[in-house]
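Visitor: Sharing input-v8.cif (mmCIF, C-alpha atoms and all ligand atoms) below.
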data_start
#
loop_
_atom_site.label_atom_id
_atom_site.label_comp_id
_atom_site.auth_asym_id
_atom_site.auth_seq_id
_atom_site.Cartn_x
_atom_site.Cartn_y
_atom_site.Cartn_z
CA MET Z 1427 -6.24 25.88 0.40
CA GLN Z 1428 -7.55 28.81 -1.60
CA GLU Z 1429 -9.64 27.98 -4.67
CA GLY Z 1430 -7.63 27.19 -7.81
CA ALA Z 1431 -4.24 27.26 -6.06
CA VAL Z 1432 -1.76 24.98 -7.82
CA VAL Z 1433 0.03 23.13 -5.03
CA THR Z 1434 2.82 20.81 -6.14
CA LEU Z 1435 3.96 17.94 -3.93
CA SER Z 1436 7.15 19.87 -3.29
CA ARG Z 1437 5.27 23.00 -2.14
CA HIS Z 1438 2.95 20.85 -0.01
CA ILE Z 1439 5.92 19.18 1.68
CA VAL Z 1440 7.56 22.56 2.42
CA GLU Z 1441 4.27 23.80 3.93
CA GLN Z 1442 4.00 20.62 6.02
CA GLU Z 1443 7.61 21.00 7.15
CA ARG Z 1444 6.89 24.54 8.37
CA ARG Z 1445 4.13 23.06 10.56
CA HIS Z 1446 6.59 20.55 12.04
CA PRO Z 1447 9.78 22.50 12.89
CA GLU Z 1448 11.28 19.32 14.30
CA ALA Z 1449 11.18 17.76 10.83
CA THR Z 1450 14.75 17.37 9.63
CA GLY Z 1451 13.97 17.49 5.94
CA ALA Z 1452 15.23 13.93 5.53
CA PHE Z 1453 11.67 12.66 5.64
CA SER Z 1454 10.64 15.21 3.00
CA ASN Z 1455 13.49 14.04 0.80
CA ILE Z 1456 12.28 10.45 1.08
CA LEU Z 1457 8.87 11.55 -0.19
CA TYR Z 1458 10.50 13.45 -3.10
CA ASP Z 1459 12.51 10.34 -3.96
CA ILE Z 1460 9.41 8.12 -3.86
CA ALA Z 1461 7.61 10.61 -6.13
CA LEU Z 1462 10.55 10.53 -8.57
CA ALA Z 1463 10.52 6.72 -8.62
CA ALA Z 1464 6.75 6.84 -9.16
CA LYS Z 1465 7.11 9.07 -12.23
CA ILE Z 1466 9.62 6.66 -13.77
CA ILE Z 1467 7.50 3.60 -13.00
CA SER Z 1468 4.38 5.38 -14.27
CA ARG Z 1469 6.07 6.05 -17.61
CA GLU Z 1470 7.03 2.39 -18.01
CA VAL Z 1471 3.64 1.11 -16.86
CA ASN Z 1472 1.98 3.35 -19.43
CA ARG Z 1473 4.34 2.09 -22.16
CA ALA Z 1474 4.34 -1.56 -21.03
CA GLY Z 1475 2.38 -2.70 -24.06
CA LEU Z 1476 4.82 -1.00 -26.39
CA VAL Z 1477 8.14 -2.13 -25.04
CA ASP Z 1478 9.17 -5.73 -24.86
CA ILE Z 1479 8.97 -5.52 -21.09
CA LEU Z 1480 5.99 -7.84 -20.67
CA GLY Z 1481 6.04 -11.49 -20.02
CA SER Z 1482 7.76 -13.41 -17.32
CA ALA Z 1483 11.26 -12.61 -16.18
CA GLY Z 1484 11.53 -16.35 -15.68
CA LYS Z 1485 12.10 -15.85 -11.94
CA PHE Z 1486 9.90 -16.48 -8.92
CA ASN Z 1487 9.85 -14.46 -5.67
CA ILE Z 1488 9.67 -15.86 -2.10
CA HIS Z 1489 5.90 -16.18 -2.49
CA GLY Z 1490 6.31 -18.45 -5.51
CA GLU Z 1491 4.72 -15.77 -7.67
CA ASP Z 1492 5.90 -15.36 -11.26
CA VAL Z 1493 7.98 -12.15 -11.16
CA ARG Z 1494 7.20 -10.21 -14.32
CA LYS Z 1495 9.77 -7.84 -15.72
CA LEU Z 1496 7.75 -4.78 -14.65
CA ASP Z 1497 7.92 -5.98 -11.01
CA GLU Z 1498 11.70 -6.19 -11.24
CA PHE Z 1499 11.90 -2.88 -13.07
CA ALA Z 1500 9.81 -1.12 -10.40
CA ASP Z 1501 11.89 -2.74 -7.65
CA ASP Z 1502 15.12 -1.59 -9.28
CA VAL Z 1503 13.83 1.96 -9.83
CA ILE Z 1504 12.92 2.34 -6.16
CA PHE Z 1505 16.24 0.88 -5.01
CA GLN Z 1506 18.24 3.18 -7.34
CA ALA Z 1507 16.23 6.21 -6.20
CA MET Z 1508 16.72 5.48 -2.51
CA ASP Z 1509 20.01 3.66 -1.93
CA HIS Z 1510 22.46 6.58 -2.15
CA THR Z 1511 20.50 9.41 -0.48
CA GLY Z 1512 21.76 8.88 3.05
CA ASN Z 1513 18.21 8.96 4.42
CA LEU Z 1514 17.63 5.21 4.87
CA CYS Z 1515 19.39 2.62 7.01
CA VAL Z 1516 17.69 -0.45 5.49
CA MET Z 1517 14.93 -1.35 3.00
CA ALA Z 1518 12.60 -4.28 2.36
CA SER Z 1519 10.74 -5.21 -0.80
CA GLU Z 1520 8.09 -7.78 -1.64
CA GLU Z 1521 10.42 -8.91 -4.44
CA VAL Z 1522 13.48 -9.49 -2.23
CA ASP Z 1523 13.61 -12.35 0.30
CA ASP Z 1524 15.91 -10.66 2.85
CA PRO Z 1525 16.42 -7.16 4.27
CA ILE Z 1526 18.09 -4.87 1.69
CA PRO Z 1527 21.14 -3.14 3.19
CA ILE Z 1528 22.29 0.31 2.09
CA PRO Z 1529 25.49 -0.30 0.06
CA ASP Z 1530 28.61 0.38 2.16
CA LYS Z 1531 29.76 3.03 -0.32
CA PHE Z 1532 26.75 5.17 0.62
CA PRO Z 1533 25.95 6.81 3.98
CA ALA Z 1534 23.09 5.38 6.04
CA GLY Z 1535 20.30 7.45 7.57
CA ASN Z 1536 17.62 7.29 10.24
CA TYR Z 1537 14.67 5.99 8.28
CA VAL Z 1538 13.39 2.64 7.04
CA LEU Z 1539 11.46 1.95 3.81
CA LEU Z 1540 9.34 -1.13 3.13
CA HIS Z 1541 7.51 -1.42 -0.17
CA ASP Z 1542 5.55 -3.43 -2.65
CA PRO Z 1543 7.13 -2.06 -5.81
CA LEU Z 1544 4.37 -3.17 -8.12
CA ASP Z 1545 1.04 -4.39 -6.82
CA GLY Z 1546 -1.50 -6.13 -9.01
CA SER Z 1547 1.17 -7.49 -11.31
CA SER Z 1548 -1.01 -10.40 -12.44
CA ASN Z 1549 -3.00 -7.72 -14.28
CA ILE Z 1550 -0.08 -6.17 -16.21
CA GLU Z 1551 -1.06 -7.53 -19.63
CA ALA Z 1552 -4.71 -6.65 -19.12
CA ASN Z 1553 -3.92 -2.95 -18.76
CA VAL Z 1554 -5.66 -2.91 -15.37
CA SER Z 1555 -4.58 -0.32 -12.77
CA LEU Z 1556 -1.45 -1.27 -10.86
CA GLY Z 1557 0.16 0.31 -7.80
CA THR Z 1558 3.15 0.82 -5.55
CA ILE Z 1559 2.73 0.72 -1.76
CA PHE Z 1560 5.22 2.20 0.72
CA SER Z 1561 5.72 2.31 4.48
CA ILE Z 1562 8.22 4.52 6.32
CA HIS Z 1563 9.52 3.87 9.85
CA LYS Z 1564 12.18 5.47 12.05
CA LYS Z 1565 15.37 3.49 12.69
CA ILE Z 1566 15.29 1.92 16.17
CA SER Z 1567 18.47 -0.20 16.20
CA LYS Z 1568 21.69 1.14 17.65
CA GLY Z 1569 24.24 0.43 14.89
CA GLU Z 1570 24.86 2.79 11.96
CA ARG Z 1571 23.34 0.33 9.46
CA GLY Z 1572 19.83 -0.94 10.05
CA GLY Z 1573 18.59 -4.51 9.95
CA LEU Z 1574 15.63 -6.82 10.50
CA ALA Z 1575 14.72 -5.28 13.87
CA ASP Z 1576 14.13 -1.92 12.15
CA LEU Z 1577 11.86 -3.59 9.60
CA LEU Z 1578 9.76 -5.68 12.00
CA GLN Z 1579 7.96 -2.72 13.57
CA PRO Z 1580 4.18 -2.66 14.15
CA GLY Z 1581 2.00 -0.46 11.94
CA TYR Z 1582 1.17 2.06 14.66
CA LYS Z 1583 4.85 3.11 14.65
CA GLN Z 1584 4.84 4.09 10.98
CA LEU Z 1585 5.96 7.68 10.40
CA ALA Z 1586 4.25 7.80 7.03
CA ALA Z 1587 2.63 5.50 4.50
CA GLY Z 1588 0.98 5.70 1.13
CA TYR Z 1589 0.63 4.37 -2.36
CA ILE Z 1590 0.76 5.32 -6.02
CA VAL Z 1591 -2.03 4.07 -8.29
CA TYR Z 1592 -1.11 3.83 -11.98
CA GLY Z 1593 -4.61 4.12 -13.41
CA SER Z 1594 -6.43 6.39 -15.84
CA SER Z 1595 -4.26 8.97 -14.12
CA THR Z 1596 -1.30 8.40 -11.80
CA MET Z 1597 -2.05 9.43 -8.22
CA LEU Z 1598 0.16 9.51 -5.15
CA VAL Z 1599 -1.70 9.31 -1.83
CA TYR Z 1600 0.11 9.58 1.52
CA THR Z 1601 -0.38 10.34 5.19
CA THR Z 1602 1.84 11.08 8.16
CA GLY Z 1603 -1.10 10.20 10.39
CA ALA Z 1604 -2.81 13.60 10.40
CA GLY Z 1605 -4.69 14.01 7.14
CA VAL Z 1606 -4.56 12.06 3.89
CA TYR Z 1607 -3.36 13.96 0.81
CA GLY Z 1608 -3.88 12.94 -2.83
CA PHE Z 1609 -1.75 14.24 -5.70
CA THR Z 1610 -2.42 13.68 -9.38
CA LEU Z 1611 0.48 13.54 -11.84
CA GLU Z 1612 0.32 16.14 -14.59
CA PRO Z 1613 2.56 14.29 -17.09
CA SER Z 1614 3.06 17.33 -19.34
CA ILE Z 1615 4.99 19.10 -16.55
CA GLY Z 1616 6.03 16.00 -14.59
CA GLU Z 1617 4.56 17.37 -11.37
CA PHE Z 1618 2.27 15.78 -8.79
CA LEU Z 1619 -0.42 18.42 -8.09
CA LEU Z 1620 -2.57 18.42 -4.93
CA SER Z 1621 -5.97 17.25 -6.19
CA HIS Z 1622 -7.48 15.63 -3.07
CA PRO Z 1623 -6.63 17.60 0.11
CA GLU Z 1624 -7.79 16.02 3.41
CA MET Z 1625 -9.29 12.77 2.00
CA LYS Z 1626 -12.00 11.24 4.21
CA ILE Z 1627 -13.71 7.87 3.58
CA PRO Z 1628 -17.52 8.10 3.33
CA ASP Z 1629 -19.40 5.80 5.73
CA PRO Z 1630 -20.96 3.63 4.41
CA GLY Z 1631 -20.77 5.64 1.19
CA LYS Z 1632 -21.76 3.81 -1.98
CA LYS Z 1633 -22.19 0.50 -0.11
CA ILE Z 1634 -19.66 -1.49 -2.11
CA TYR Z 1635 -17.95 -4.63 -0.88
CA SER Z 1636 -14.79 -5.90 -2.54
CA VAL Z 1637 -13.65 -9.50 -2.18
CA ASN Z 1638 -12.80 -12.44 -4.42
CA GLU Z 1639 -16.07 -14.28 -3.89
CA ALA Z 1640 -14.81 -17.30 -5.87
CA TYR Z 1641 -13.30 -18.46 -2.57
CA TYR Z 1642 -16.67 -18.43 -0.72
CA LYS Z 1643 -16.60 -22.16 -0.03
CA ARG Z 1644 -13.12 -21.85 1.52
CA TRP Z 1645 -14.16 -19.14 3.96
CA SER Z 1646 -14.97 -19.42 7.66
CA PRO Z 1647 -18.66 -19.41 8.62
CA GLY Z 1648 -18.13 -15.90 10.00
CA GLN Z 1649 -16.74 -14.64 6.70
CA GLN Z 1650 -19.64 -16.21 4.80
CA LEU Z 1651 -22.11 -14.58 7.22
CA ALA Z 1652 -20.41 -11.19 6.85
CA VAL Z 1653 -20.74 -11.24 3.07
CA ASP Z 1654 -24.31 -12.64 3.16
CA GLN Z 1655 -25.28 -9.73 5.46
CA LEU Z 1656 -23.73 -7.15 3.11
CA LYS Z 1657 -25.75 -8.58 0.22
CA ASP Z 1658 -28.94 -8.44 2.33
CA GLU Z 1659 -28.17 -4.77 2.99
CA GLY Z 1660 -28.06 -4.08 -0.72
CA PHE Z 1661 -24.29 -3.73 -1.14
CA SER Z 1662 -22.88 -4.22 -4.64
CA LEU Z 1663 -19.65 -6.06 -5.48
CA ARG Z 1664 -16.62 -4.52 -7.18
CA TYR Z 1665 -13.37 -6.50 -7.36
CA ILE Z 1666 -10.49 -5.45 -9.63
CA GLY Z 1667 -7.94 -7.88 -8.24
CA SER Z 1668 -5.32 -5.14 -7.79
CA LEU Z 1669 -5.16 -4.28 -4.10
CA VAL Z 1670 -4.18 -0.64 -4.68
CA ALA Z 1671 -7.00 -0.08 -7.19
CA ASP Z 1672 -9.59 -1.80 -4.98
CA PHE Z 1673 -8.31 0.15 -1.97
CA HIS Z 1674 -8.32 3.52 -3.77
CA ARG Z 1675 -11.93 3.02 -4.86
CA THR Z 1676 -12.88 2.03 -1.28
CA LEU Z 1677 -11.18 5.14 0.13
CA LEU Z 1678 -13.07 7.38 -2.33
CA TYR Z 1679 -16.47 5.63 -2.37
CA GLY Z 1680 -16.68 3.91 1.03
CA GLY Z 1681 -17.66 0.32 1.79
CA ILE Z 1682 -15.15 -2.43 2.51
CA PHE Z 1683 -12.23 -4.28 0.91
CA MET Z 1684 -11.62 -7.80 2.21
CA TYR Z 1685 -8.93 -10.37 1.63
CA PRO Z 1686 -9.90 -12.89 4.32
CA ALA Z 1687 -8.13 -16.01 5.51
CA ASP Z 1688 -9.41 -19.10 3.72
CA ALA Z 1689 -8.73 -22.83 3.73
CA LYS Z 1690 -6.00 -22.38 1.08
CA SER Z 1691 -4.43 -19.29 2.69
CA PRO Z 1692 -5.09 -19.70 6.44
CA LYS Z 1693 -3.20 -16.44 7.14
CA GLY Z 1694 -4.68 -14.64 4.16
CA LYS Z 1695 -2.66 -13.76 1.04
CA LEU Z 1696 -1.67 -10.14 1.54
CA ARG Z 1697 1.53 -9.18 3.34
CA LEU Z 1698 1.42 -7.35 6.65
CA LEU Z 1699 4.40 -5.03 6.47
CA TYR Z 1700 4.22 -3.54 2.97
CA GLU Z 1701 0.59 -4.03 1.93
CA ALA Z 1702 -1.65 -4.16 5.01
CA CYS Z 1703 0.13 -1.75 7.40
CA PRO Z 1704 0.61 1.18 5.01
CA LEU Z 1705 -2.96 0.98 3.71
CA ALA Z 1706 -4.26 0.58 7.26
CA MET Z 1707 -2.48 3.81 8.25
CA VAL Z 1708 -4.04 5.62 5.29
CA ILE Z 1709 -7.58 4.34 5.88
CA GLU Z 1710 -7.49 5.08 9.62
CA ALA Z 1711 -6.10 8.60 9.00
CA ALA Z 1712 -9.02 9.07 6.56
CA GLY Z 1713 -11.53 8.17 9.31
CA GLY Z 1714 -12.00 4.53 8.32
CA ALA Z 1715 -10.95 1.28 9.96
CA SER Z 1716 -8.57 -1.61 9.35
CA SER Z 1717 -8.75 -5.12 10.78
CA ASP Z 1718 -7.23 -8.57 10.62
CA GLY Z 1719 -10.67 -9.83 11.67
CA ALA Z 1720 -10.07 -9.26 15.37
CA GLY Z 1721 -8.66 -5.73 15.63
CA SER Z 1722 -6.67 -2.96 13.96
CA ILE Z 1723 -3.91 -4.08 11.60
CA LEU Z 1724 -1.72 -1.36 13.13
CA ASN Z 1725 -1.52 -3.28 16.41
CA VAL Z 1726 -0.27 -6.56 14.92
CA GLU Z 1727 3.24 -7.35 16.15
CA PRO Z 1728 5.28 -8.57 13.13
CA VAL Z 1729 7.48 -11.67 13.50
CA GLU Z 1730 8.52 -12.26 9.87
CA LEU Z 1731 9.36 -9.91 7.02
CA HIS Z 1732 6.91 -11.41 4.53
CA GLN Z 1733 4.25 -12.58 6.93
CA ARG Z 1734 0.69 -12.58 5.63
CA THR Z 1735 -2.49 -11.38 7.32
CA PRO Z 1736 -6.22 -11.46 6.73
CA LEU Z 1737 -7.10 -7.90 5.70
CA TYR Z 1738 -10.24 -5.74 6.03
CA LEU Z 1739 -10.11 -2.04 5.12
CA GLY Z 1740 -13.04 0.36 4.80
CA SER Z 1741 -15.75 2.48 6.38
CA LYS Z 1742 -15.69 2.12 10.16
CA SER Z 1743 -19.33 0.94 10.51
CA VAL Z 1744 -18.88 -1.73 7.83
CA VAL Z 1745 -15.58 -3.06 9.22
CA GLN Z 1746 -17.14 -3.21 12.70
CA LYS Z 1747 -20.14 -5.21 11.44
CA THR Z 1748 -17.79 -7.57 9.63
CA GLU Z 1749 -15.74 -8.13 12.80
CA GLU Z 1750 -19.00 -8.84 14.69
CA ALA Z 1751 -20.06 -11.43 12.11
CA LEU Z 1752 -16.62 -13.09 12.25
CA GLN Z 1753 -16.75 -13.24 16.03
CA ALA Z 1754 -20.40 -14.37 16.13
CA ALA Z 1755 -20.17 -17.19 13.59
CA GLY Z 1756 -16.49 -18.11 13.98
CA ALA Z 1757 -13.46 -16.92 12.06
CA GLY Z 1758 -11.77 -20.31 11.99
CA VAL Z 1759 -11.27 -21.46 8.40
CA PRO Z 1760 -12.00 -25.07 7.40
CA GLY Z 1761 -8.91 -27.20 7.46
CA ALA Z 1762 -6.68 -24.51 9.01
P1 LIG X 1801 1.08 -8.40 -5.98
O1 LIG X 1801 0.86 -8.18 -7.43
O2 LIG X 1801 1.88 -7.30 -5.32
O3 LIG X 1801 1.60 -9.79 -5.68
O4 LIG X 1801 -0.35 -8.31 -5.25
C1 LIG X 1801 -1.36 -9.09 -5.76
C2 LIG X 1801 -2.46 -9.15 -4.75
C3 LIG X 1801 -3.29 -7.89 -4.66
O5 LIG X 1801 -2.93 -6.92 -5.59
C4 LIG X 1801 -4.70 -8.36 -4.94
O6 LIG X 1801 -5.58 -7.81 -3.99
C5 LIG X 1801 -4.61 -9.85 -4.78
O7 LIG X 1801 -3.30 -10.21 -5.14
C6 LIG X 1801 -5.58 -10.57 -5.68
O8 LIG X 1801 -5.50 -11.93 -5.29
P2 LIG X 1801 -6.57 -12.98 -5.89
O9 LIG X 1801 -6.23 -13.10 -7.34
O10 LIG X 1801 -6.36 -14.24 -5.10
O11 LIG X 1801 -7.95 -12.39 -5.67
MN MN X 1802 0.84 -6.49 -3.71
MN MN X 1803 3.86 -6.70 -5.83
#
Let me see the structure of the file written as structure tokens.
Ligand code: AHG
Ligand code: MN
Ligand code: MN
Guide:
Amino acid sequence: MQEGAVVTLSRHIVEQERRHPEATGAFSNILYDIALAAKIISREVNRAGLVDILGSAGKFNIHGEDVRKLDEFADDVIFQAMDHTGNLCVMASEEVDDPIPIPDKFPAGNYVLLHDPLDGSSNIEANVSLGTIFSIHKKISKGERGGLADLLQPGYKQLAAGYIVYGSSTMLVYTTGAGVYGFTLEPSIGEFLLSHPEMKIPDPGKKIYSVNEAYYKRWSPGQQLAVDQLKDEGFSLRYIGSLVADFHRTLLYGGIFMYPADAKSPKGKLRLLYEACPLAMVIEAAGGASSDGAGSILNVEPVELHQRTPLYLGSKSVVQKTEEALQAAGAGVPGA
């Protein structure tokens, strides 16, 4: 990209489409629609303290987590942006227990969207960076309307994946597997501009590890060894508690993000299909590695829509050493 060129997301997508003549344009439209939803969510996230949108919506999602109004708002915005376009055959959301069909009044398409509409929601009142995570698959079922089978696809089959981080600036980062592209929202013109072409994770970079160390006593001996080793190697700890924010810093600075299994969450806390898989696709396309402790997240065969997984994402050398420690000292969590 020549110096100083202003490349909007739209122009980038057109250029990418030219490189892939087989692209039908439907996939590009899905990315436009996600970007539109992101702009609307970004505006509300940035105004959250001003509008009576905070506080609990008084509902709880399948995970028993207190659904705050901004979660519901983000979920609604994405649904409204995507349900009528004729590009999707089915959706899934962290906030909705079951598969989300495309309303009969709208045409169905050949793609599948799974998403975490608002990640890090426990931090809403604290004005800490939040995020949206999305995963796009191709429809594999025969009927016109998609269903659970289209949603329960392993990560290596994703067509595209990415996230939006609502931080000091709003960034959209995505990959189709070849290259990771970062766009920063210029609010005054409402455009996402290409600010981080071809993102690559440094290895080991700034030597940062990111985990909620309060759970140390609940970890497996292997997990404890892995973290003890990182400390011995002079790593420093950064933990925001918003997956997207912790991930984005890891992608830019290197190191490792971990949400391991522990005695309280024997399968880990984070969800495979709309948190772990999309971020695993991004980190691996950026030259890093993902793991559930044994191997790449992208190879895990899903069995349930909201299934959880232990999650490691980061610089390849650091993830590998962590896997070795888990295997050497045992990844079994106490009481699991
Ligand atoms: P969500 O807000 O979508 O439910 O995700 C919250 C997750 C994730 O953002 C973060 O990494 C993790 O919760 C933090 O969990 P702990 O508070 O247990 O560390
Ligand atoms: Mn989340
Ligand atoms: Mn969420």
Visitor: Select the residues contacting ligand LIG 1801 (chain X) at a distance of at most 7 Å, based on all atoms listed in the file, then format the selection as a PyMOL selection string.
Guide: chain Z and resi 1542+1544-1548+1638+1667-1670+1696
Visitor: Step by step, measure atom-to-atom distances between ligand MN 1802 (chain X) and each residue using all atoms listed in the file, keep those at most 12 Å, then write them as a PyMOL selection string.
Guide: chain Z and resi 1489+1491+1493+1497+1519-1521+1541-1549+1556-1560+1589+1591+1667-1673+1685+1695-1702+1704-1705+1732+1734
Visitor: Which of these residues is nearest to ligand MN 1803 (chain X), using all atoms listed in the file: Z:Glu1498, Z:Val1729, Z:Ser1436, Z:Ser1662?
Guide: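 So, comparing all the options, the nearest one is Z:Glu1498.
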Visitor: Please measure the separation of CA of Val1744 (chain Z) and CA of Ser1555 (chain Z), giving the value in Å to one decimal.
Guide: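 We find that CA of Val1744 (chain Z) and CA of Ser1555 (chain Z) lie 25.1 Å from each other.
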Visitor: Using all atoms listed in the file, which of Z:Leu1677, Z:Ala1715, Z:Ala1586, Z:Leu1496 sits nearest Tyr1600 (chain Z)?
Guide: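 Between Z:Leu1677, Z:Ala1715, Z:Ala1586, Z:Leu1496, the residue approaching Tyr1600 (chain Z) most closely is Z:Ala1586.
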Visitor: Between Z:Leu1540, Z:Val1637, Z:Met1597, Z:Val1516, which is the closest to ligand MN 1803 (chain X) once you count only C-alpha atoms and all ligand atoms?
Guide: Z:Leu1540
Visitor: Between CA of Asn1472 (chain Z) and CA of Leu1435 (chain Z), what is the distance in Å, rounded to a tenth?
Guide: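 We find that CA of Asn1472 (chain Z) and CA of Leu1435 (chain Z) lie 21.4 Å from each other.
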Visitor: In Å, how far is it from CA of Ile1615 (chain Z) to CA of Arg1444 (chain Z)?
Guide: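 Separation between CA of Ile1615 (chain Z) and CA of Arg1444 (chain Z): 25.6 Å.
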